[in-house]
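Asks: Submitted below is the structure of interest, expressed as structure tokens.
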Amino acid sequence: MRDLNRLKVVLVEKKRTSRWLAEQLGKNTSTVSKWCTNSAQPDLQTLDKIADLLDCDTRTLLTSKTESND
């Protein structure tokens with residue numbers, strides 16, 4: 001399976017935890033954990049909210065094709 005998001009990396013860069021993000025979004029911590037491990041993906045609307053919370057561009061949260069491990 002290919003990594004589609006960089007959420008875990010961006011959380012570290014912003015000095016935030018997945019627990020903090022889950023609380024901000026009103027989501028279960030296990031849901032956010034799945035996003036961080038790329039076993040599940042947030043929908044686009046949620047991805048936009050995450051970008052707002054982390055004060056970054058939505059594209060920063062996505063893995064580019066050149067970074068993928070196909």
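To be explicit about the labels: the chains of the structure tokens are called A, B, and onward in the order shown, and within each one the residues are counted from 1, while ligands get numbers from 1 in the order they are shown.
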Need to verify the contact set: Leu11 of chain A, 12 Å, only C-alpha atoms, exclusion of same-chain residues closer than 4 positions in sequence. Can you return it as number ranges by chain?
Replies: A: 5-7, 15-22, 32-33, 35-36, 50-51, 53-56, 60-61
Asks: DSSP on the backbone: which residues in chain A end up as helix (DSSP H, G or I)? Give the answer as a PyMOL selection string.
Replies: chain A and resi 7-13+18-25+29-36+44-53+58-61+65-67
Asks: Keeping only C-alpha atoms, write the selected residues as a compact mmCIF listing (two decimals), in the first residue's frame.
Replies:
# COMPACT_ATOMS: atom_id res chain seq x y z
CA LEU A 7 0.09 13.77 8.33
CA LYS A 8 2.43 12.09 10.82
CA VAL A 9 5.42 14.06 9.50
CA VAL A 10 3.58 17.39 9.54
CA LEU A 11 2.32 16.79 13.08
CA VAL A 12 5.91 16.28 14.22
CA GLU A 13 7.08 19.38 12.33
CA SER A 18 -2.38 12.85 16.97
CA ARG A 19 -4.32 13.05 20.24
CA TRP A 20 -4.41 16.84 19.99
CA LEU A 21 -5.63 16.61 16.40
CA ALA A 22 -8.34 14.10 17.33
CA GLU A 23 -9.57 16.44 20.08
CA GLN A 24 -9.61 19.44 17.73
CA LEU A 25 -11.59 17.52 15.10
CA THR A 29 -7.88 8.89 18.44
CA SER A 30 -7.84 5.54 16.64
CA THR A 31 -9.26 7.20 13.52
CA VAL A 32 -6.48 9.80 13.50
CA SER A 33 -3.94 7.06 14.18
CA LYS A 34 -5.12 5.22 11.05
CA TRP A 35 -4.64 8.42 9.05
CA CYS A 36 -1.12 8.84 10.46
CA LEU A 44 -11.12 16.07 1.57
CA GLN A 45 -13.24 18.26 3.83
CA THR A 46 -11.45 16.89 6.92
CA LEU A 47 -8.09 17.27 5.22
CA ASP A 48 -8.90 20.95 4.69
CA LYS A 49 -9.79 21.33 8.40
CA ILE A 50 -6.53 19.62 9.36
CA ALA A 51 -4.57 22.04 7.18
CA ASP A 52 -6.31 24.97 8.89
CA LEU A 53 -5.55 23.59 12.35
CA THR A 58 -3.51 21.22 2.18
CA ARG A 59 -0.91 20.11 -0.38
CA THR A 60 1.66 19.92 2.41
CA LEU A 61 -0.34 17.04 3.90
CA LYS A 65 3.82 10.97 -6.84
CA THR A 66 7.61 11.31 -6.83
CA GLU A 67 7.68 10.47 -3.12
